[in-house]
Every structure is written in C-alpha cells, then in structure tokens.
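Chemist: One structure, pasted below without further comment.
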Amino acid sequence: MQNIAKLAPAAETLPDTSVPIVEFRNASKSFGAMQVLQDVDLKIRPGEFVCLLGPSGCGKSTLLNLTAGLLQPSKGSAHYRGEKITGINVKTGYMTQNDHLLPWRTVRRNIAVPLELAGWSKADTRRRTDELLKKVGLEAFADSYPSQLSGGMRKRCALARILAYDPETLLLDEPFGALDAQLRLLLQIELRNIVRESGKSVLFVTHDVDEAVALADRCVVFSARPASVRHVINFDLPEDRDLKTLRYNPKYQEECARLWKLLTPELDRQAALGGKS
Amino acid sequence: MIVILARLAILATFLAAWQLLSPAFDLEFFLSTPAQVAVSFWAIASNGSLFYHAGITSFEAISGFLLGGALGMAVGLAFGRYPFLAEVMDPFVTTFYSLPKVALAPLFILWFGIGIDMKVILAASIVFFLVFLNTYTGVRQVSREQLAIMRLMGATERQLVFTVIVPSAISWVFAGLRLSVPYALVGAIVAEIIASNRGLGYLLSGATTQFDTAGTFAAIIAIMILAIVLNFLVKHLEIWLTPWRQSAPDREITV
Ligand SMILES: Nc1ncnc2c1ncn2[C@@H]1O[C@H](COP(=O)(O)OP(=O)(O)O)[C@@H](O)[C@H]1O
Ligand SMILES: [Mg+2]
C-alpha cells in the first residue's frame, strides 16, 4: 500500500471518492483445507481501472467472486461502497474467458437479456440494443446466433450485454485471454474508451504483463497461493493514452520492465514449487 | 446418386430373392411373397381399414407421447431444480425405471379396460421415463457459472428457470422425445396385441391368428410407415423449435 498517495486523477470526477468502491479487509478464503486467499487488504477507488496479476491458481478469480458476492470470505470481510457484501452483488457485472452467451438467442436477444430481466418495454429494449450493437460494431450480426460468430465477435457481444445492464463495477476475468493480438488490442481500446466514458470501476484479471500496463491505472500483484497482496503499482501513463501507439512509448516499456521484474521472483518460486497453470 | 442406386439395387435383389426363393423352397406359407404382400396391403389400403387402424394407433401413440412427454418434462425439471427431492426419490425412480413397462399392461387393462385409455397410458408410461431422465440431465447440465452470471444481472429464480434452464434443457428434452417415438409405438402396439379390437396391433395379430402371412407382413409394413412418419414429424418439430442448433453445422469444422 506504499503507493496509495499517488491517486489516479479519474477518481476526482466521481462522487464520494472517500469511500472505496471495493474494499477487502484482511480477507481470507479457504476451500476445505486449502487456503486460497490470506489476509488480503485492498481498496479500489471509484472509477479506477485495476489489473490483478499473479501466478495462475493463486486466487484471483476467487477475489472477483468475493466482490460479486458469489462467495463469502472465511475470515475478514469484503465491502462494496462501505457496506459488507453478504449476497449477490448486483452492482457488479462479471465476464470470464468463457463468454456465457445463450446459444439459443441471437446476438440482439443475448444483449437484451439483462433488459428483459429488468422488465424493459419492447420499444426501449430495441432502442437500447440498437445503440449497443453499434457501439461494439455488431450491427450486421444482430440476427446471427453465437455459434455463427468468431471468438472476437462473441466477446463483443458479451461486452455489449454487460454494458446493457450498466453495472457500476466490471469484474473481468481474463476476458481477452483466448484472442489474437490484433483483436485483443481492438477490444482493449473499446473497453478503455467505454470505461472512461462511463466512469465505471474495473477489476481486470490478466496474466499478460503488457495488457496490465496498457489498461490499468493501477496494478496489484499477488503472491502464489495462498494469495496476499505482494505489490501495488501505480502506472505513470497518461489517462488518455493511445493504446495503438503505446507500445512505442518508452515510459510504457519502462513500466512493463518494472512489472516483469516484480513478477519474475514469483514465477521462479512457482516453478520451484512445481506449480501448474 | 450412386448411393441411391446402390440402395435400390439392394432392395431389388432382396425382393427378387424373396419372390423367387420362397416358392422354390416351399415356404410360401411362412414367408409369403412380396407380390402377395403387396396385394394384401393394397386390399386393406383400398377398403379404408388400413387408415382406420393406423389412425387409432397414431392417436394412441401420439397421445401417450404427449402425455408421457409433458409429465416427464415437468418431473425432470422439478427434480433438476430440487436436488433434495431427486435424492429422496432416487431409489423409487430407479426401481420403476428398471421395470419393463409392458409388464404393467395387464394391470392397466384391469384398471382402465381394453379401450384406448389403456394404450395411451401404457405408451405414456414408457415415454415418461425417457423424457424425464433426459430433462433431468439437461437441467443438471446447466453451468453454475452461467446461473451466477444471470443472477448478477438481477435474475430472480423464476427468471432463471425460464430464460436459462428450460431453454438449455430443450435439446436434451428433444433427444428424449426423439428416442421415445418408437417406444410410444411399442406401447400402443403391444397393448393392442394384448387386448383390442382395433389398431394396427390388432390388424397384425388378427392376420397372424388366421395364418394370413401376407396380411401380417402388410400390417408390419404399415407400422413401419407410421414409425417413419412420426420420426419425421418430431425431427422437423425440433428443427423448427431450435433454429440455433441448425446454424452450427453451417460452419466448417475447425479445431
Ligand atoms: N468453488 C471452489 N471450490 C473449491 N476450490 C476452488 C473453488 N474455486 C477455486 N478453487 C481453487 O482455489 C484456487 C484458486 O483458484 P482461482 O481463484 O480460480 O485462481 P486464479 O484465478 O488466480 O487462477 C485453485 O486451486 C482452485 O482449484
Ligand atoms: Mg482464474
């Protein structure tokens, strides 16, 4: 937490920045005899884009599950806007590597799911899904089924669906993991733009150092299981960074190198323990 | 094209062999000949009795299919949603499942008489288990992750059932239904053979008791045609109700 003084500027544009949007207080989690999280202490400010990095199997997804209220900590607590999370946290939207689209619904009707659940009228739903289809560039595929889409298009559809119900906080668990570099960059740009426009907070799990530096305002590095916060790094990159040219930016390269250096001892240790991914 | 020609050749060879060998070995009494079967078939088709009996059997099979299918889906859904119920009921269900349902036919005659009811119920009791087991599996297959994601979108339990669970169980339900078609016919026809005065099963057993081999074959052919028609209907109902599954094979196979 030594870097907490370097606040990201985005936080100032949002109401009540004094209360963290997500906070873990000494949160530990065990599944049976296996301890996954140990004394995690972490505060996420509203409007912040935070990447979570750590060896695979260390407990990053578990942390997102605690935030969504799908799991409860075994010890300590998880808070959302100062309130203890005790059940399903509908303020959050979850997206995993597996996009969880409903195969029997067309792209448009997949995006409409959260709106239907909220009881929107047909006309409003139509208008909103039109907007979202445009935003993620899927207008031409509105009436296709997910099985007819490429991996990247499915991701966009899932992104549009999450935006449809407009959760305050996005929990993204390696969402672009299986995509090729170009597509990944495209979706990263879309995601960052959308998040900046809407002021959402984001917890983004990734195992890709470059991705973490490119996207995040701040990055949290976890130790191997049982995970605890090892490092918190503020990136010194502009808020309106251009992801397309970012990789030529020496500052970016420097930050990547810094993050790599912090991670390598963990990787060595993981190898020594015979950890698997 | 070549496939069709090959099939026709096989069929023609078979019919020719039957036609020639049956009288040659003096087996006409047991095997009849295709010509005699055709005459016999034509006779029941032209006097309308074929359609009358086929209509009765179809009605029994389809009613049993619908009744058993609906109950199977409802119970499968309930068991899938309430694991406690499923666990409690498991030994009873397994016991009944293992019982060949035709063994119940005499009991059903006792309870429901020898009318159409009894055939419908026998067919339904066979179809029920197939559809029930498939629906149950389908409901259990729904990923918990998927459900969690829907809950985060604000779905209530009721909404989960209708937006995720039922639709995703549908393909399993259809697998069960498709499997059930021949069994619904089995139920109806066995019941007709045991006790009846109409239906294709009656036609079949009637011809056999009169040592009318050609008539027996004609009835069997009628049953085959009915089975093909019912299969065709369910298959097209499935295609019509699950359009998203048809879009998958359009894509070339990739790994
Ligand atoms: N629901 C669960 N029940 C039991 N064990 C679990 C459960 N969820 C995760 N785990 C275990 O906890 C560990 C951490 O998992 P996870 O949070 O998914 O790691 P990460 O996302 O960092 O790769 C893994 O060893 C995993 O097997
Ligand atoms: Mg994970």
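By order in the structure tokens, chains are A, B, ...; within a chain, residues start at 1; ligands start at 1, following the order shown.
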Restrict the distance test to only C-alpha atoms, flag each residue of chain A within 8 Å of chain B, and return the flagged residues as a PyMOL selection string.
Modeler: chain A and resi 68+70+88-95+100+102-105+114+117-118+145+147-148+165
Chemist: Which residues, written as number ranges by chain, have at least one atom at most 9 Å from stretch 49-60 of chain A, with only C-alpha atoms counted and residues fewer than 3 positions away on the same chain left out?
Modeler: A: 29, 36-37, 44-46, 63-65, 173, 192, 195, 200-209, 211-213, 215-228, 263, 266-267, 270, 275-277
Chemist: Take the residues from that selection and write them out as a compact mmCIF listing (two decimals), in the first residue's frame, keeping N, CA and C atoms.
Modeler:
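The new file part11.txt reads:
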```txt
# COMPACT_ATOMS: atom_id res chain seq x y z
N LYS A 29 -9.70 -16.72 2.42
CA LYS A 29 -10.69 -17.67 1.92
C LYS A 29 -10.05 -19.04 1.81
N VAL A 36 -6.78 -20.24 0.00
CA VAL A 36 -6.58 -19.61 -1.30
C VAL A 36 -6.17 -18.16 -1.14
N LEU A 37 -6.86 -17.45 -0.26
CA LEU A 37 -6.51 -16.04 -0.01
C LEU A 37 -6.08 -15.89 1.44
N ILE A 44 -10.18 -0.34 -3.66
CA ILE A 44 -10.32 0.11 -5.04
C ILE A 44 -11.16 1.39 -5.01
N ARG A 45 -10.64 2.43 -5.65
CA ARG A 45 -11.38 3.69 -5.66
C ARG A 45 -12.41 3.69 -6.79
N PRO A 46 -13.48 4.44 -6.61
CA PRO A 46 -14.48 4.53 -7.69
C PRO A 46 -13.84 5.04 -8.97
N LEU A 63 -11.08 -13.85 -5.72
CA LEU A 63 -11.23 -12.46 -5.26
C LEU A 63 -12.40 -11.79 -5.99
N LEU A 64 -12.51 -12.01 -7.30
CA LEU A 64 -13.62 -11.45 -8.05
C LEU A 64 -14.95 -12.04 -7.58
N ASN A 65 -14.93 -13.34 -7.27
CA ASN A 65 -16.15 -13.98 -6.76
C ASN A 65 -16.59 -13.38 -5.44
N ASP A 173 -12.54 -11.33 -15.90
CA ASP A 173 -11.60 -12.39 -15.55
C ASP A 173 -10.95 -12.94 -16.82
N ARG A 192 -11.41 0.33 -22.85
CA ARG A 192 -10.91 1.51 -22.13
C ARG A 192 -11.75 2.74 -22.45
N VAL A 195 -15.10 2.43 -20.66
CA VAL A 195 -14.95 2.60 -19.22
C VAL A 195 -14.69 4.06 -18.87
N LYS A 200 -16.91 3.81 -15.05
CA LYS A 200 -17.04 2.57 -14.28
C LYS A 200 -15.73 2.21 -13.61
N SER A 201 -15.85 1.45 -12.53
CA SER A 201 -14.67 0.87 -11.91
C SER A 201 -14.46 -0.51 -12.52
N VAL A 202 -13.20 -0.91 -12.64
CA VAL A 202 -12.93 -2.21 -13.26
C VAL A 202 -11.90 -2.98 -12.45
N LEU A 203 -12.22 -4.24 -12.19
CA LEU A 203 -11.23 -5.19 -11.67
C LEU A 203 -10.95 -6.15 -12.80
N PHE A 204 -9.73 -6.16 -13.29
CA PHE A 204 -9.40 -6.88 -14.51
C PHE A 204 -8.29 -7.89 -14.21
N VAL A 205 -8.64 -9.17 -14.27
CA VAL A 205 -7.63 -10.20 -14.03
C VAL A 205 -6.94 -10.52 -15.35
N THR A 206 -5.64 -10.56 -15.33
CA THR A 206 -4.92 -10.94 -16.55
C THR A 206 -3.62 -11.62 -16.14
N HIS A 207 -3.05 -12.39 -17.06
CA HIS A 207 -1.72 -12.92 -16.79
C HIS A 207 -0.72 -12.30 -17.75
N ASP A 208 -1.21 -11.29 -18.48
CA ASP A 208 -0.40 -10.67 -19.52
C ASP A 208 0.10 -9.32 -19.02
N VAL A 209 1.41 -9.22 -18.83
CA VAL A 209 2.01 -8.01 -18.28
C VAL A 209 1.73 -6.80 -19.16
N GLU A 211 -0.65 -6.28 -21.21
CA GLU A 211 -2.06 -5.91 -21.13
C GLU A 211 -2.33 -5.12 -19.85
N ALA A 212 -1.75 -5.59 -18.76
CA ALA A 212 -1.96 -4.92 -17.48
C ALA A 212 -1.47 -3.48 -17.53
N VAL A 213 -0.26 -3.28 -18.06
CA VAL A 213 0.30 -1.93 -18.11
C VAL A 213 -0.51 -1.05 -19.05
N LEU A 215 -3.68 -1.24 -19.88
CA LEU A 215 -5.06 -0.91 -19.50
C LEU A 215 -5.18 -0.20 -18.16
N ALA A 216 -4.34 -0.61 -17.20
CA ALA A 216 -4.66 -0.27 -15.82
C ALA A 216 -4.18 1.12 -15.40
N ASP A 217 -4.90 1.68 -14.43
CA ASP A 217 -4.38 2.83 -13.71
C ASP A 217 -3.44 2.33 -12.62
N ARG A 218 -3.79 1.14 -12.12
CA ARG A 218 -3.05 0.60 -11.00
C ARG A 218 -3.03 -0.91 -11.15
N CYS A 219 -2.01 -1.53 -10.66
CA CYS A 219 -1.88 -2.96 -10.82
C CYS A 219 -1.54 -3.59 -9.47
N VAL A 220 -2.24 -4.67 -9.15
CA VAL A 220 -1.98 -5.36 -7.89
C VAL A 220 -1.36 -6.71 -8.22
N VAL A 221 -0.22 -6.96 -7.63
CA VAL A 221 0.46 -8.23 -7.88
C VAL A 221 0.29 -9.12 -6.65
N PHE A 222 -0.19 -10.33 -6.88
CA PHE A 222 -0.41 -11.26 -5.78
C PHE A 222 0.72 -12.28 -5.69
N SER A 223 0.89 -12.80 -4.48
CA SER A 223 1.86 -13.88 -4.28
C SER A 223 1.21 -15.18 -4.72
N ALA A 224 2.00 -16.24 -4.78
CA ALA A 224 1.44 -17.57 -5.06
C ALA A 224 0.51 -17.96 -3.92
N ARG A 225 -0.33 -19.01 -4.16
CA ARG A 225 -1.32 -19.41 -3.17
C ARG A 225 -0.66 -19.79 -1.85
N PRO A 226 -1.21 -19.41 -0.72
CA PRO A 226 -2.36 -18.52 -0.55
C PRO A 226 -2.01 -17.07 -0.90
N ALA A 227 -2.86 -16.48 -1.74
CA ALA A 227 -2.54 -15.17 -2.28
C ALA A 227 -2.68 -14.08 -1.23
N SER A 228 -1.69 -13.21 -1.21
CA SER A 228 -1.86 -11.95 -0.49
C SER A 228 -1.25 -10.88 -1.38
N LEU A 263 7.52 -9.57 -11.09
CA LEU A 263 6.84 -10.87 -11.24
C LEU A 263 7.82 -12.04 -11.27
N GLU A 266 8.32 -14.37 -8.37
CA GLU A 266 7.14 -15.21 -8.15
C GLU A 266 7.15 -16.41 -9.08
N LEU A 267 7.49 -16.14 -10.34
CA LEU A 267 7.49 -17.23 -11.31
C LEU A 267 8.53 -18.27 -10.93
N GLN A 270 7.21 -20.22 -8.15
CA GLN A 270 6.15 -21.12 -8.59
C GLN A 270 6.74 -22.37 -9.25
N GLY A 275 4.39 -25.61 -9.31
CA GLY A 275 3.04 -25.08 -9.57
C GLY A 275 2.67 -25.26 -11.03
N LYS A 276 1.41 -25.47 -11.27
CA LYS A 276 0.97 -25.63 -12.65
C LYS A 276 -0.06 -24.57 -12.99
N SER A 277 -0.24 -24.34 -14.30
CA SER A 277 -1.19 -23.32 -14.69
C SER A 277 -2.52 -23.93 -15.02
```
Chemist: What's around B:Ile225 at 12 Å? Count only C-alpha atoms, leave out sequence neighbours fewer than 4 positions away in its own chain, and write the answer as an NGL selection string.
Modeler: :B and (50-51 or 54 or 58 or 182 or 185 or 200 or 218-221 or 229-232)
Chemist: Extract, using only C-alpha atoms, all DNA, RNA and protein residues at most 8 Å from B:Leu203, discarding same-chain residues fewer than 5 positions from it, and format them as a PyMOL selection string.
Modeler: chain B and resi 53+198+216+219
Chemist: For the residues selected in the previous step, produce a file with N, CA, C and O atoms as a CSV table (one decimal), in the first residue's frame.
Modeler:
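Result file is part.csv:
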```csv
chain,number,residue,atom,x,y,z
B,53,HIS,N,-57.3,-48.2,-38.9
B,53,HIS,CA,-56.5,-48.8,-37.8
B,53,HIS,C,-55.2,-47.9,-37.6
B,53,HIS,O,-54.8,-47.8,-36.4
B,198,ARG,N,-59.2,-52.9,-32.4
B,198,ARG,CA,-58.9,-52.0,-33.5
B,198,ARG,C,-57.4,-51.6,-33.3
B,198,ARG,O,-56.8,-51.9,-32.3
B,216,THR,N,-50.0,-60.3,-42.4
B,216,THR,CA,-49.1,-60.0,-41.3
B,216,THR,C,-48.0,-59.0,-41.8
B,216,THR,O,-47.8,-58.0,-41.1
B,219,ALA,N,-49.4,-55.6,-42.4
B,219,ALA,CA,-49.5,-54.8,-41.2
B,219,ALA,C,-48.2,-54.3,-40.6
B,219,ALA,O,-48.1,-53.1,-40.2
```
Chemist: Could you tell me which of A:Gly87, A:Asp39, A:Glu116, A:Leu172 comes closest to ligand 1 if we count only C-alpha atoms and all ligand atoms?
Modeler: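 Between A:Gly87, A:Asp39, A:Glu116, A:Leu172, the residue approaching ligand 1 most closely is A:Leu172.
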Chemist: Could you check the closest approach to ligand 2 for each of A:Leu171, A:Val232, A:Ala78, A:Leu185 and tell me which residue wins, using only C-alpha atoms and all ligand atoms?
Modeler: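 For ligand 2, the nearest of the candidates is A:Leu171.
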